[in-house]
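So this one's coords_14.cif, mmCIF, C-alpha atoms and all ligand atoms:
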data_coords
#
loop_
_atom_site.label_atom_id
_atom_site.label_comp_id
_atom_site.auth_asym_id
_atom_site.auth_seq_id
_atom_site.Cartn_x
_atom_site.Cartn_y
_atom_site.Cartn_z
CA MET A 1 66.80 14.77 -66.80
CA ILE A 2 69.78 14.43 -69.11
CA ASP A 3 70.46 18.05 -69.86
CA LEU A 4 72.50 18.42 -73.03
CA ALA A 5 71.15 21.92 -73.75
CA SER A 6 74.44 23.50 -72.67
CA ASP A 7 77.56 23.05 -70.57
CA VAL A 8 76.28 25.92 -68.41
CA LYS A 9 73.66 23.55 -66.97
CA THR A 10 76.09 21.94 -64.49
CA ARG A 11 75.38 22.29 -60.78
CA PRO A 12 78.23 22.83 -58.35
CA THR A 13 79.22 19.51 -56.77
CA ALA A 14 79.18 18.98 -53.00
CA ALA A 15 82.98 19.29 -52.92
CA MET A 16 82.85 22.52 -54.93
CA ARG A 17 80.23 23.95 -52.55
CA GLU A 18 82.51 23.01 -49.66
CA ALA A 19 85.41 24.87 -51.31
CA MET A 20 83.13 27.90 -51.73
CA MET A 21 82.05 27.76 -48.12
CA VAL A 22 85.57 27.76 -46.73
CA ALA A 23 86.99 30.35 -49.16
CA GLU A 24 88.58 33.36 -47.49
CA VAL A 25 86.86 36.53 -48.64
CA GLY A 26 87.30 40.32 -48.66
CA ASP A 27 86.30 43.34 -50.74
CA GLU A 28 87.05 42.27 -54.31
CA GLN A 29 87.08 45.74 -55.83
CA ALA A 30 89.56 46.96 -53.23
CA PHE A 31 91.79 43.96 -54.10
CA GLU A 32 91.20 42.69 -50.56
CA ASP A 33 89.71 39.32 -51.49
CA PRO A 34 92.56 36.81 -51.10
CA THR A 35 90.74 34.04 -53.00
CA VAL A 36 90.01 36.30 -56.00
CA ASN A 37 93.61 37.56 -55.91
CA ALA A 38 94.90 33.99 -55.90
CA LEU A 39 92.61 33.06 -58.79
CA ASN A 40 93.76 36.05 -60.86
CA GLU A 41 97.41 35.21 -60.26
CA ARG A 42 96.85 31.60 -61.15
CA ILE A 43 94.97 32.40 -64.35
CA ALA A 44 97.52 35.01 -65.44
CA ALA A 45 100.29 32.42 -65.00
CA LEU A 46 98.28 29.68 -66.75
CA LEU A 47 97.58 31.94 -69.72
CA GLY A 48 101.11 33.33 -69.85
CA LYS A 49 99.98 36.91 -69.19
CA GLU A 50 101.06 39.51 -66.63
CA ALA A 51 97.72 40.07 -64.95
CA ALA A 52 94.07 39.05 -64.83
CA LEU A 53 90.75 40.26 -63.46
CA PHE A 54 87.74 38.28 -62.27
CA ALA A 55 84.37 39.10 -63.83
CA PRO A 56 80.82 37.82 -63.30
CA SER A 57 80.61 36.40 -66.83
CA GLY A 58 82.44 35.68 -70.02
CA ALA A 59 80.21 38.07 -71.92
CA MET A 60 81.40 40.83 -69.60
CA CYS A 61 85.03 39.86 -70.33
CA ASN A 62 84.34 40.31 -74.05
CA GLN A 63 82.62 43.64 -73.44
CA ILE A 64 85.42 44.87 -71.19
CA ALA A 65 88.09 43.88 -73.71
CA ILE A 66 86.32 45.51 -76.66
CA ALA A 67 85.67 48.74 -74.75
CA THR A 68 89.25 48.79 -73.50
CA TRP A 69 90.88 48.27 -76.90
CA CYS A 70 88.52 50.28 -79.13
CA ARG A 71 87.09 53.78 -79.52
CA PRO A 72 83.56 54.50 -80.78
CA GLY A 73 83.44 54.17 -84.55
CA ASP A 74 86.16 51.51 -84.67
CA GLU A 75 85.64 48.06 -86.15
CA VAL A 76 86.07 44.73 -84.44
CA ILE A 77 86.78 41.94 -86.94
CA CYS A 78 85.50 38.47 -86.06
CA ASP A 79 83.80 35.47 -87.60
CA ALA A 80 80.16 35.96 -88.59
CA GLY A 81 79.12 33.35 -86.03
CA ALA A 82 81.03 34.90 -83.13
CA HIS A 83 79.37 35.18 -79.73
CA ILE A 84 80.08 38.92 -79.70
CA ALA A 85 78.11 39.26 -82.95
CA TRP A 86 75.24 36.93 -82.05
CA HIS A 87 74.75 36.56 -78.35
CA GLU A 88 75.76 39.67 -76.44
CA SER A 89 72.66 41.74 -77.12
CA GLY A 90 74.48 44.23 -79.32
CA GLY A 91 76.96 44.92 -76.53
CA PRO A 92 79.84 45.91 -78.80
CA ALA A 93 77.67 48.70 -80.27
CA ALA A 94 75.91 49.64 -77.04
CA ASN A 95 78.87 49.49 -74.67
CA ALA A 96 81.80 50.44 -76.86
CA GLY A 97 80.19 52.14 -79.88
CA VAL A 98 82.01 49.83 -82.26
CA MET A 99 80.98 48.15 -85.50
CA ILE A 100 81.33 44.43 -86.10
CA ASN A 101 83.06 43.52 -89.36
CA ALA A 102 82.13 39.86 -89.82
CA ILE A 103 84.15 37.36 -91.84
CA ASN A 104 82.44 34.28 -93.29
CA GLY A 105 84.93 31.77 -91.99
CA HIS A 106 84.90 27.99 -91.96
CA ARG A 107 83.22 26.62 -88.85
CA GLY A 108 84.09 29.78 -86.93
CA ARG A 109 87.69 30.07 -88.09
CA PHE A 110 89.13 32.37 -90.72
CA THR A 111 92.50 32.79 -92.37
CA ALA A 112 95.09 35.53 -92.12
CA ALA A 113 94.33 36.35 -95.78
CA GLN A 114 90.61 36.73 -94.97
CA LEU A 115 91.49 39.01 -92.09
CA THR A 116 93.78 41.16 -94.21
CA ALA A 117 91.12 41.38 -96.93
CA ALA A 118 88.53 42.50 -94.35
CA ILE A 119 90.58 45.47 -93.18
CA LYS A 120 89.27 48.59 -94.89
CA PRO A 121 91.60 51.17 -96.44
CA ALA A 122 93.28 53.66 -94.10
CA TRP A 123 91.05 56.42 -95.41
CA ARG A 124 89.05 58.82 -93.29
CA HIS A 125 85.80 57.69 -94.91
CA CYS A 126 86.27 54.22 -93.49
CA PRO A 127 85.98 52.95 -89.95
CA GLU A 128 89.32 51.93 -88.49
CA ALA A 129 89.75 48.28 -87.52
CA THR A 130 91.42 48.17 -84.13
CA LEU A 131 90.70 44.67 -82.86
CA VAL A 132 90.42 41.12 -84.16
CA SER A 133 88.59 38.59 -82.01
CA VAL A 134 88.75 34.79 -82.29
CA GLU A 135 86.89 32.09 -80.40
CA GLN A 136 88.76 29.05 -79.17
CA THR A 137 86.80 26.77 -79.46
CA CYS A 138 84.19 28.15 -81.92
CA ASN A 139 80.71 27.79 -80.46
CA LEU A 140 78.54 28.21 -83.55
CA GLY A 141 81.39 26.58 -85.48
CA GLY A 142 80.47 23.28 -83.82
CA GLY A 143 83.22 23.37 -81.20
CA ALA A 144 85.92 23.46 -83.88
CA VAL A 145 89.44 24.08 -82.64
CA TRP A 146 91.75 26.61 -84.27
CA ALA A 147 95.14 25.10 -85.15
CA ILE A 148 97.99 26.91 -83.40
CA ASP A 149 99.59 27.85 -86.75
CA ASP A 150 96.35 29.49 -87.87
CA LEU A 151 96.01 31.42 -84.61
CA ASP A 152 99.59 32.59 -84.91
CA ALA A 153 99.10 33.61 -88.54
CA VAL A 154 95.95 35.61 -87.79
CA ALA A 155 97.62 37.31 -84.82
CA GLN A 156 100.68 38.12 -86.87
CA ALA A 157 98.57 39.56 -89.70
CA ALA A 158 96.61 41.63 -87.18
CA GLN A 159 99.66 42.96 -85.41
CA SER A 160 101.39 43.85 -88.65
CA ARG A 161 98.39 46.08 -89.44
CA GLY A 162 98.31 47.59 -85.97
CA LEU A 163 95.27 45.67 -84.70
CA LYS A 164 95.04 44.31 -81.17
CA THR A 165 94.20 40.62 -80.78
CA HIS A 166 91.54 39.17 -78.47
CA MET A 167 90.69 35.55 -77.73
CA ASP A 168 87.25 34.54 -76.46
CA GLY A 169 88.28 31.47 -74.48
CA ALA A 170 84.87 30.42 -73.18
CA ARG A 171 86.01 26.88 -74.04
CA LEU A 172 89.77 27.36 -74.26
CA PHE A 173 90.32 24.53 -71.77
CA ASN A 174 88.37 22.25 -74.13
CA ALA A 175 90.73 23.25 -76.94
CA ALA A 176 93.70 22.42 -74.72
CA ALA A 177 92.15 19.08 -73.76
CA ALA A 178 91.46 18.21 -77.40
CA THR A 179 94.95 19.12 -78.63
CA GLY A 180 97.13 18.40 -75.63
CA ILE A 181 98.58 21.89 -76.10
CA GLU A 182 98.56 24.08 -72.99
CA VAL A 183 96.25 27.09 -72.90
CA ALA A 184 99.13 29.60 -72.77
CA ARG A 185 100.37 28.43 -76.16
CA HIS A 186 96.97 28.99 -77.77
CA ALA A 187 96.87 32.50 -76.31
CA ARG A 188 100.54 33.38 -76.84
CA HIS A 189 100.07 36.03 -79.51
CA PHE A 190 96.81 37.42 -78.17
CA ASP A 191 96.82 40.71 -76.29
CA SER A 192 93.79 39.73 -74.25
CA VAL A 193 92.23 36.36 -73.49
CA TRP A 194 89.63 35.08 -71.07
CA VAL A 195 88.46 31.74 -69.76
CA ASP A 196 85.07 30.77 -68.40
CA PHE A 197 84.51 28.83 -65.19
CA SER A 198 80.75 28.37 -65.66
CA LYS A 199 80.93 26.27 -68.84
CA GLY A 200 82.71 22.92 -68.91
CA LEU A 201 84.56 23.65 -65.68
CA GLY A 202 81.30 23.39 -63.77
CA ALA A 203 81.49 26.46 -61.53
CA PRO A 204 78.29 28.44 -60.96
CA VAL A 205 79.57 31.90 -61.93
CA GLY A 206 82.62 33.68 -63.25
CA ALA A 207 85.32 34.20 -65.82
CA CYS A 208 88.83 35.69 -65.81
CA LEU A 209 90.20 38.14 -68.38
CA ALA A 210 93.98 38.29 -68.76
CA GLY A 211 96.53 40.47 -70.54
CA SER A 212 99.37 42.84 -69.83
CA LYS A 213 99.44 44.72 -66.55
CA ALA A 214 98.71 47.96 -68.44
CA PHE A 215 95.72 46.37 -70.20
CA ILE A 216 94.21 44.99 -66.99
CA ASP A 217 94.65 48.38 -65.27
CA ARG A 218 92.65 50.03 -68.06
CA ALA A 219 90.18 47.15 -68.22
CA TRP A 220 89.32 47.68 -64.56
CA ARG A 221 87.74 51.05 -65.37
CA ILE A 222 85.35 49.39 -67.82
CA LYS A 223 84.61 46.55 -65.40
CA GLN A 224 83.69 49.19 -62.82
CA ARG A 225 81.58 51.06 -65.39
CA LEU A 226 79.63 47.95 -66.36
CA GLY A 227 78.86 47.19 -62.73
CA GLY A 228 81.21 44.24 -62.65
CA ALA A 229 83.16 45.32 -59.59
CA MET A 230 82.22 42.96 -56.77
CA ARG A 231 82.58 42.58 -53.01
CA GLN A 232 83.11 39.20 -51.26
CA ALA A 233 83.52 37.40 -54.56
CA GLY A 234 85.95 34.89 -53.06
CA ILE A 235 82.99 32.57 -52.63
CA LEU A 236 82.81 32.42 -56.42
CA ALA A 237 86.57 32.40 -56.96
CA GLY A 238 86.75 29.46 -54.55
CA ALA A 239 84.54 27.49 -56.94
CA ALA A 240 86.75 28.49 -59.86
CA LEU A 241 89.94 27.42 -58.07
CA TYR A 242 88.30 24.13 -57.19
CA ALA A 243 87.32 23.68 -60.84
CA LEU A 244 90.89 24.32 -61.98
CA ASP A 245 92.12 21.61 -59.61
CA HIS A 246 89.44 19.01 -60.35
CA HIS A 247 87.53 19.67 -63.55
CA VAL A 248 90.14 20.45 -66.19
CA GLU A 249 91.76 17.09 -66.80
CA ARG A 250 88.38 15.37 -67.04
CA LEU A 251 87.29 17.46 -70.06
CA VAL A 252 88.59 14.67 -72.32
CA GLU A 253 85.71 12.56 -70.97
CA ASP A 254 83.21 15.15 -72.24
CA HIS A 255 84.88 14.97 -75.64
CA ALA A 256 84.67 11.17 -75.74
CA HIS A 257 80.99 11.43 -74.77
CA ALA A 258 80.37 13.98 -77.52
CA ARG A 259 82.05 11.74 -80.09
CA ARG A 260 79.98 8.74 -78.96
CA LEU A 261 76.79 10.82 -79.06
CA ALA A 262 77.66 12.06 -82.55
CA GLU A 263 78.27 8.53 -83.80
CA GLY A 264 75.01 7.31 -82.28
CA LEU A 265 72.99 10.18 -83.76
CA ALA A 266 74.67 9.96 -87.18
CA ALA A 267 73.45 6.36 -87.47
CA LEU A 268 69.80 7.47 -87.19
CA PRO A 269 67.89 8.18 -90.42
CA GLY A 270 66.66 11.76 -90.43
CA LEU A 271 69.62 13.18 -88.51
CA GLN A 272 72.55 14.64 -90.40
CA LEU A 273 76.01 15.17 -89.01
CA ASP A 274 79.60 14.17 -89.55
CA PRO A 275 80.97 12.69 -86.30
CA LEU A 276 84.50 13.44 -87.48
CA GLU A 277 83.69 17.15 -87.15
CA VAL A 278 83.04 16.72 -83.43
CA GLU A 279 86.38 17.71 -81.93
CA THR A 280 85.31 18.84 -78.46
CA ASN A 281 82.10 18.88 -76.39
CA LEU A 282 79.68 20.50 -78.84
CA VAL A 283 77.53 18.36 -81.14
CA TYR A 284 75.54 20.22 -83.79
CA PHE A 285 73.34 18.31 -86.21
CA ASP A 286 70.47 18.84 -88.64
CA VAL A 287 67.04 17.26 -88.55
CA ASP A 288 66.05 16.53 -92.13
CA ALA A 289 62.29 17.03 -92.00
CA ALA A 290 61.64 15.02 -95.18
CA THR A 291 63.26 11.87 -93.76
CA ALA A 292 62.56 12.41 -90.06
CA GLY A 293 58.93 13.40 -90.52
CA MET A 294 59.40 16.29 -88.09
CA ASP A 295 61.45 19.44 -87.70
CA ALA A 296 64.11 20.18 -85.10
CA HIS A 297 61.64 21.80 -82.70
CA GLU A 298 59.38 18.74 -82.72
CA PHE A 299 62.38 16.42 -82.34
CA CYS A 300 63.56 18.33 -79.25
CA LYS A 301 60.04 18.39 -77.84
CA ARG A 302 59.82 14.60 -78.08
CA LEU A 303 63.27 14.19 -76.55
CA LEU A 304 62.28 16.40 -73.64
CA ALA A 305 59.22 14.24 -73.03
CA SER A 306 61.62 11.34 -72.45
CA GLY A 307 63.84 13.38 -70.15
CA VAL A 308 66.55 14.46 -72.58
CA ARG A 309 67.11 18.12 -73.35
CA MET A 310 68.81 19.45 -76.48
CA THR A 311 68.43 22.90 -78.07
CA ALA A 312 66.72 23.55 -81.41
CA PHE A 313 68.33 26.65 -82.94
CA ASP A 314 65.89 26.79 -85.84
CA ALA A 315 63.71 24.36 -87.80
CA ARG A 316 66.77 22.27 -88.79
CA ARG A 317 69.65 22.82 -86.40
CA VAL A 318 70.02 21.16 -83.00
CA ARG A 319 72.82 21.48 -80.47
CA ALA A 320 73.78 18.97 -77.79
CA VAL A 321 76.58 19.74 -75.34
CA THR A 322 78.35 17.29 -73.06
CA HIS A 323 79.57 18.25 -69.58
CA LEU A 324 80.38 16.85 -66.17
CA ASP A 325 76.76 16.23 -65.16
CA VAL A 326 76.24 13.74 -68.01
CA ASP A 327 77.97 10.36 -67.88
CA GLY A 328 78.36 7.54 -70.39
CA ALA A 329 75.05 5.95 -69.40
CA GLY A 330 73.32 9.30 -69.96
CA ILE A 331 74.78 9.49 -73.46
CA GLU A 332 73.46 6.00 -74.31
CA LEU A 333 70.06 7.01 -72.98
CA ALA A 334 70.11 10.17 -75.08
CA ILE A 335 70.86 8.13 -78.20
CA ALA A 336 68.08 5.66 -77.37
CA SER A 337 65.67 8.54 -76.78
CA ALA A 338 66.59 10.10 -80.12
CA LYS A 339 65.90 6.81 -81.82
CA LYS A 340 62.54 6.56 -80.07
CA ALA A 341 61.62 10.15 -80.93
CA LEU A 342 62.27 9.49 -84.62
CA GLY A 343 60.58 6.07 -84.57
CA GLN A 344 57.38 7.55 -83.19
CA ALA A 345 57.10 9.83 -86.18
CA ASN A 346 57.58 7.00 -88.65
CA GLY A 347 54.78 5.05 -86.94
C1 LIG A 401 79.09 31.17 -73.35
C2 LIG A 401 79.97 31.95 -74.24
C3 LIG A 401 80.28 33.27 -73.94
C4 LIG A 401 79.68 33.99 -72.76
O1 LIG A 401 80.09 33.45 -71.55
P1 LIG A 401 79.16 33.66 -70.25
O2 LIG A 401 80.07 33.29 -69.13
O3 LIG A 401 78.00 32.74 -70.41
O4 LIG A 401 78.76 35.09 -70.24
C5 LIG A 401 81.12 33.96 -74.78
N1 LIG A 401 81.66 33.36 -75.85
C6 LIG A 401 81.40 32.10 -76.18
C7 LIG A 401 82.04 31.48 -77.39
C8 LIG A 401 80.53 31.34 -75.40
O5 LIG A 401 80.23 30.09 -75.74
#

Would you mind writing the file's structure down as structure tokens?
Amino acid sequence: MIDLASDVKTRPTAAMREAMMVAEVGDEQAFEDPTVNALNERIAALLGKEAALFAPSGAMCNQIAIATWCRPGDEVICDAGAHIAWHESGGPAANAGVMINAINGHRGRFTAAQLTAAIKPAWRHCPEATLVSVEQTCNLGGGAVWAIDDLDAVAQAAQSRGLKTHMDGARLFNAAAATGIEVARHARHFDSVWVDFSKGLGAPVGACLAGSKAFIDRAWRIKQRLGGAMRQAGILAGAALYALDHHVERLVEDHAHARRLAEGLAALPGLQLDPLEVETNLVYFDVDAATAGMDAHEFCKRLLASGVRMTAFDARRVRAVTHLDVDGAGIELAIASAKKALGQANG
């Protein structure tokens, strides 16, 4: 099976499992787990922040950050396609009592002017915007990377209006790999930022949220409240540390694979995408039913029958994601399978 459904589909390698097995452990929530402590220190340093905490998931990092920065009734401003708006089960409303104020950005990114325009008047009839959240890279934006200048401008506009700034860095390491700019620079003007270990880094579980010491102290109360305080979590942190040592520099390979996949798919009649828009490891494309003779669901069903998995988001949109469990040969096979799937329909 060539599983391009998501970069969460990776399995821990034998060497990663070994690192997990030998990790020193203790009670995480009492700060007695030396491996978790080491991971937090390393991530804080990498991201240029004072402190970090380890959480079971990236979604929990978002939820913790929103509940730490905001009060019920506040607004969080983000792109309309943001993970916090689409894929966290209404968590911002349920866990923090906040409203989402969504901006229609371009491939997940918005401008400082759009942000400023989205902030409602400081009038007691209006909700108060207290947080702006950006995704680096933008998932539903096709893996697009924010330019540093645009991140800085949005952060500056937010801070000048008294908003806190949050970065969802589920794929921040991909952004760094694509640009050659270290993760700390992307996150420089963001008050909170997190990175995921269970996406392209290939660990089974976990994410780290970073910020000032004061922020992380307050964030811990929410982590506890959400049930995210753990015990011998060093087994998981061991996988994350291993991933940082061995799976970061190779992300450029995933990007090359994504670009090759995009070029191969773009050459097939019935599939619509611009390979130049593929900057990182996410490949989104459309199945044009009129030309392809099938919709996206049928296309993915046929692919699956030949051992290739992609995700149909709706009748048109498909997503394929490259990661460390798919090599160059797998990409060629995926392209050949796509060709076959489309050929079958045309007789
Ligand atoms: C996957 C993802 C998350 C959630 O991370 P999990 O570790 O799966 O909970 C949040 N934001 C973005 C942009 C993501 O792609």

Original post:
What residues have any atom no more than 10 Å from ligand LIG 401 (chain A) when counting only C-alpha atoms and all ligand atoms, and can you list them as a ChimeraX atom specification?
Top reply: /A:6-8,55-63,81-88,108,134-141,143,167-172,194-199,204-208

Original post:
Taking all atoms listed in the file into account, which of A:Leu324, A:Leu4, A:Ala51, A:Val36 comes nearest A:Glu253?
Top reply: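 That would be A:Leu324, the residue with the smallest distance to A:Glu253.
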
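Proximity of A:Gln29, A:Ala14, A:Ala129, A:Leu244 to A:Ala229, computed with all atoms listed in the file, is greatest for A:Gln29.
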
With only C-alpha atoms counted, which protein, DNA or RNA residues have an atom no more than 9 Å from (74.4, 24.1, -62.1) in the file frame? Please answer as a PDB file with C-alpha atoms, in the frame of the given file.
ATOM      1  CA  VAL A   8      76.280  25.920 -68.410  1.00  0.00           C
ATOM      2  CA  LYS A   9      73.660  23.550 -66.970  1.00  0.00           C
ATOM      3  CA  THR A  10      76.090  21.940 -64.490  1.00  0.00           C
ATOM      4  CA  ARG A  11      75.380  22.290 -60.780  1.00  0.00           C
ATOM      5  CA  PRO A  12      78.230  22.830 -58.350  1.00  0.00           C
ATOM      6  CA  THR A  13      79.220  19.510 -56.770  1.00  0.00           C
ATOM      7  CA  SER A 198      80.750  28.370 -65.660  1.00  0.00           C
ATOM      8  CA  GLY A 202      81.300  23.390 -63.770  1.00  0.00           C
ATOM      9  CA  ALA A 203      81.490  26.460 -61.530  1.00  0.00           C
ATOM     10  CA  PRO A 204      78.290  28.440 -60.960  1.00  0.00           C
ATOM     11  CA  ASP A 325      76.760  16.230 -65.160  1.00  0.00           C
TER      12      ASP A 325
END

**OP:** Would you kindly return, as a PyMOL selection string, each protein, DNA or RNA residue with an atom no farther than 12 Å from any atom of A:Asp327, considering all atoms listed in the file and excluding same-chain residues fewer than 4 positions away?
**Re:** chain A and resi 2-4+250-251+253-258+260-261+322-323+331-334

Subject >> Nearby residues (all atoms listed in the file) at most 6 Å from A:Ile222, same-chain spacing under 3 positions excluded, as a PyMOL selection string >> reply: chain A and resi 64+219+225

Subject >> One-decimal distance in Å that lies between atom CA of A:Asn174 and atom CA of A:Gln114 >> reply: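 Computing the Euclidean distance for atom CA of A:Gln114 and atom CA of A:Asn174 yields 25.5 Å.
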
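Between atom CA of A:Ala157 and atom CA of A:Cys70 the interatomic distance comes to 18.1 Å.
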
Subject >> For A:Ala15: contacts at 12 Å, all atoms listed in the file, fewer than 3 positions along chain excluded, given as an MDAnalysis selection string >> reply: chainID A and resid 11:12 18:22 202:203 238:239 241:243 245:247

Output file for the selection above: C-alpha atoms, as a CSV table (one decimal), in the coordinates of the input:
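What follows is the written file again.csv:
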chain,number,residue,atom,x,y,z
A,11,ARG,CA,75.4,22.3,-60.8
A,12,PRO,CA,78.2,22.8,-58.4
A,18,GLU,CA,82.5,23.0,-49.7
A,19,ALA,CA,85.4,24.9,-51.3
A,20,MET,CA,83.1,27.9,-51.7
A,21,MET,CA,82.0,27.8,-48.1
A,22,VAL,CA,85.6,27.8,-46.7
A,202,GLY,CA,81.3,23.4,-63.8
A,203,ALA,CA,81.5,26.5,-61.5
A,238,GLY,CA,86.8,29.5,-54.6
A,239,ALA,CA,84.5,27.5,-56.9
A,241,LEU,CA,89.9,27.4,-58.1
A,242,TYR,CA,88.3,24.1,-57.2
A,243,ALA,CA,87.3,23.7,-60.8
A,245,ASP,CA,92.1,21.6,-59.6
A,246,HIS,CA,89.4,19.0,-60.4
A,247,HIS,CA,87.5,19.7,-63.6

Kindly provide, as lines of an AutoDock Vina configuration file, the centre and edge lengths (Å, one decimal) of an axis-aligned box around all atoms of stretch 93-99 of chain A given in the file, with 8 Å on each side.
center_x = 79.0
center_y = 50.1
center_z = -80.1
size_x = 22.1
size_y = 20.0
size_z = 26.8

**OP:** Would you be able to write out as a ChimeraX atom specification which residues have an atom within 10 Å of (100.4, 32.7, -83.0) in the file's coordinates, counting all atoms listed in the file?
**Re:** /A:147-157,185-190

**OP:** Do a neighbour search on A:Asp191 at 10 Å with all atoms listed in the file, toss out local chain neighbours closer than 5 positions, and write the hits as a count of residues only.
**Re:** 15
